[in-house]
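J.: Attaching a single structure in structure tokens format; questions to follow.
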Amino acid sequence: MTTAPSTRHGEADVRSAGPHDSRPHDSRPPNSRPYAFRSIGTVAGAATVHGVHGAAGRTHWKCFAGRRQLDSPTEAVEWASIPAGGLSGEHRHTRTEEIYLILHGHGEFLFNGVPHRVGPGSLALTAPGNVHGLRNTGDADLDWWVIETLSPGTDAVLSGADLTLGVPAMGDAVIHDLFKERTVSTDGVFTGPLRQVEAVDLDSGQRVALGRADAELAVFVHSGEGRATAADGTAADLSADTCVTLGADTLTRFEARTPLRLLVVTLALPRLSAEAS
């Protein structure tokens with residue numbers, strides 16, 4: 001059986017990987033098809049947080065989805081923003097893998113004490129054992145998309161396995177330009193569910209079908225307007241700074257009303273992690 005890729009321009013199909021287990025947060029009967037939209041929201045109403053990771057100043061923050069909405073070992077799908085001169089404090093990751101994808105603004109990604117210049121499209125991968133932070137060096141707000149996933153060891157501990165976690169060794173900075181590369185694999189850096197990050201650009205009137213039988217998808221609208229329609233007819237209007245998370249084994253059609261840029265992250269399901277790599 002052939003599984004459709006995470007993105008295909010034009011119409012596409014997603015083949016079922018088999019019956020789904022029921023989850024505590026699901027009200028659907030076992031073996032029924034999952035909901036297409038696991039969560040949807042915009043940055044409107046973002047919270048203001050002071051002293052994030054020990055840094056002075058304020059950060060705007062919004063959580064779109066977490067463990068209660070998703071079946072993959074994903075801690076959180078979030079958005080954050082700091083004003084000119086702002087700082088998201090340096091902190092060590094010991095149990096999770098995390099991406100920072102810069103949406104707007106310019107700054108320095110601080111990795112193990114070394115600053116790296118970043119701007120729109122910069123994608124930073126942080127593996128466990130490393131220290132990172134972000135400083136706004138521009139004249140406008142610095143906005144970024146954050147997705148944090150559990151490493152296999154952390155997931156095993158939370159699942160009740162008899163395993164002791166240590167702190168992995170520090171590594172080298174891994175920063176990509178997603179808007180130039182278009183597709184970035186996390187192979188060789190991450191070991192958990194976050195497998196790929198992709199940028200998809202549509203002209204007005206174009207459509208793309210997104211879905212994976214073996215993984216959930218997180219989709220962020222970087223710019224433009226459009227509409228998302230699931231196979232069951234559920235639909236939602238899209239505008240810049242909208243985030244949608246899509247269930248595994250579902251298919252959603254995205255149609256551009258204006259030029260539309262989508263950022264797409266693949267989050268593999270645990271029991272299908274080998275097939276999703």
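Going through the structure tokens in order, the chains are called A, B, and so on, while each chain numbers its residues from 1 and the ligands are numbered from 1 in the order shown.
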Using only C-alpha atoms, which residues sit within 9 Å of range 242-249 of chain A once same-chain residues fewer than 2 positions away are excluded, as a PyMOL selection string?
T.: chain A and resi 14-18+33-43+64-65+69-71+77-78+210-222+238-240+251-252+268-269
J.: Residues at most 8 Å from Arg253 in chain A, counting only C-alpha atoms, excluding those fewer than 3 positions away in the same chain, as a ChimeraX atom specification?
T.: /A:11,207-210,228-231
J.: How close does range 99-146 of chain A get to range 83-92 of chain A? List, as CSV, each residue of range 99-146 of chain A within 12 Å, its nearest atom pair and the distance in Å to one decimal, counting only C-alpha atoms.
T.:
```
residue,atom,partner,partner_atom,distance
A:Tyr100,CA,A:Ser88,CA,11.6
A:His104,CA,A:Pro83,CA,11.3
A:Gly105,CA,A:Ala84,CA,9.0
A:His106,CA,A:Ala84,CA,9.2
A:Gly107,CA,A:Gly85,CA,9.1
A:Glu108,CA,A:Leu87,CA,9.5
A:Phe109,CA,A:Glu90,CA,9.6
A:Leu110,CA,A:Glu90,CA,7.2
A:Phe111,CA,A:Glu90,CA,8.3
A:Asn112,CA,A:Glu90,CA,8.6
A:Gly113,CA,A:Glu90,CA,8.4
A:Val114,CA,A:Glu90,CA,10.9
A:Pro115,CA,A:Glu90,CA,11.1
A:Thr126,CA,A:Arg92,CA,9.6
A:Ala127,CA,A:Arg92,CA,9.8
A:Pro128,CA,A:Arg92,CA,7.8
A:Gly129,CA,A:Arg92,CA,6.5
A:Asn130,CA,A:Arg92,CA,5.5
A:Val131,CA,A:Arg92,CA,4.1
A:His132,CA,A:Glu90,CA,4.9
A:Gly133,CA,A:Glu90,CA,4.1
A:Leu134,CA,A:Ser88,CA,5.1
A:Arg135,CA,A:Leu87,CA,4.4
A:Asn136,CA,A:Gly85,CA,5.2
A:Thr137,CA,A:Gly85,CA,5.8
A:Gly138,CA,A:Ala84,CA,5.8
A:Asp139,CA,A:Ala84,CA,5.3
A:Ala140,CA,A:Ala84,CA,5.4
A:Asp141,CA,A:Pro83,CA,4.4
A:Leu142,CA,A:Pro83,CA,6.3
A:Asp143,CA,A:Pro83,CA,8.8
A:Trp144,CA,A:Ser88,CA,11.1
```
J.: Which one is closest to Glu255 in chain A: A:Gly224, A:Gly57, A:Gly171, A:Pro120? Count only C-alpha atoms.
T.: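 Ranking A:Gly224, A:Gly57, A:Gly171, A:Pro120 by distance to Glu255 in chain A, first place goes to A:Gly224.
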J.: I need the residue nearest Thr266 in chain A from this list: A:Leu178, A:Thr186, A:Ala173, A:Trp61. Use only C-alpha atoms for the distance.
T.: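 Of A:Leu178, A:Thr186, A:Ala173, A:Trp61, the one nearest Thr266 in chain A is A:Thr186, counting only C-alpha atoms.
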J.: Just the residues within 8 Å of Asp203 in chain A, please, counting only C-alpha atoms, with nothing from its chain fewer than 3 positions along; format it as a list in words.
T.: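 Within the cut-off, the hits are Gln206, Ala256, Thr258, Pro259 and Leu260 of chain A.
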J.: Could those selected residues go to a file with all heavy atoms, as a compact mmCIF listing (two decimals), in the first residue's frame?
T.:
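Result went into again.txt, see below:
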```
# COMPACT_ATOMS: atom_id res chain seq x y z
N GLN A 206 -4.83 28.29 -6.47
CA GLN A 206 -4.22 26.97 -6.40
C GLN A 206 -4.66 26.23 -5.15
O GLN A 206 -5.04 26.83 -4.15
CB GLN A 206 -2.69 27.08 -6.41
CG GLN A 206 -2.08 27.30 -7.78
CD GLN A 206 -0.58 27.13 -7.75
OE1 GLN A 206 0.11 27.66 -6.88
NE2 GLN A 206 -0.05 26.39 -8.73
N ALA A 256 -5.93 28.59 -1.97
CA ALA A 256 -5.44 29.96 -1.80
C ALA A 256 -6.41 30.96 -2.42
O ALA A 256 -6.77 30.83 -3.59
CB ALA A 256 -4.07 30.10 -2.44
N THR A 258 -5.57 34.32 -1.96
CA THR A 258 -4.48 35.21 -2.36
C THR A 258 -3.22 34.36 -2.32
O THR A 258 -3.26 33.21 -1.85
CB THR A 258 -4.35 36.40 -1.38
OG1 THR A 258 -3.88 35.89 -0.11
CG2 THR A 258 -5.68 37.11 -1.19
N PRO A 259 -2.08 34.85 -2.80
CA PRO A 259 -0.86 34.06 -2.64
C PRO A 259 -0.71 33.62 -1.18
O PRO A 259 -0.80 34.44 -0.25
CB PRO A 259 0.24 35.02 -3.08
CG PRO A 259 -0.45 35.87 -4.11
CD PRO A 259 -1.84 36.08 -3.60
N LEU A 260 -0.47 32.33 -0.98
CA LEU A 260 -0.56 31.72 0.35
C LEU A 260 0.72 30.94 0.62
O LEU A 260 1.14 30.13 -0.21
CB LEU A 260 -1.76 30.78 0.39
CG LEU A 260 -2.13 30.12 1.72
CD1 LEU A 260 -2.61 31.16 2.73
CD2 LEU A 260 -3.23 29.07 1.49
```
J.: For the atom pair CA of Gly226 in chain A and CA of Ile102 in chain A, what is the interatomic distance in Å to one decimal place?
T.: 21.7 Å
J.: Ranking A:Ile147, A:Ala56, A:Ala235, A:Val197 by minimum distance to Ala76 in chain A and counting only C-alpha atoms, which one comes first?
T.: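 Once distances to Ala76 in chain A are computed over only C-alpha atoms, the minimum belongs to A:Ile147.
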J.: Return the single residue from A:Glu181, A:Glu148, A:Asp241, A:Glu97 that is closest to Glu225 in chain A, with distances computed using only C-alpha atoms.
T.: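 Using only C-alpha atoms, Glu225 in chain A sits closest to A:Asp241.
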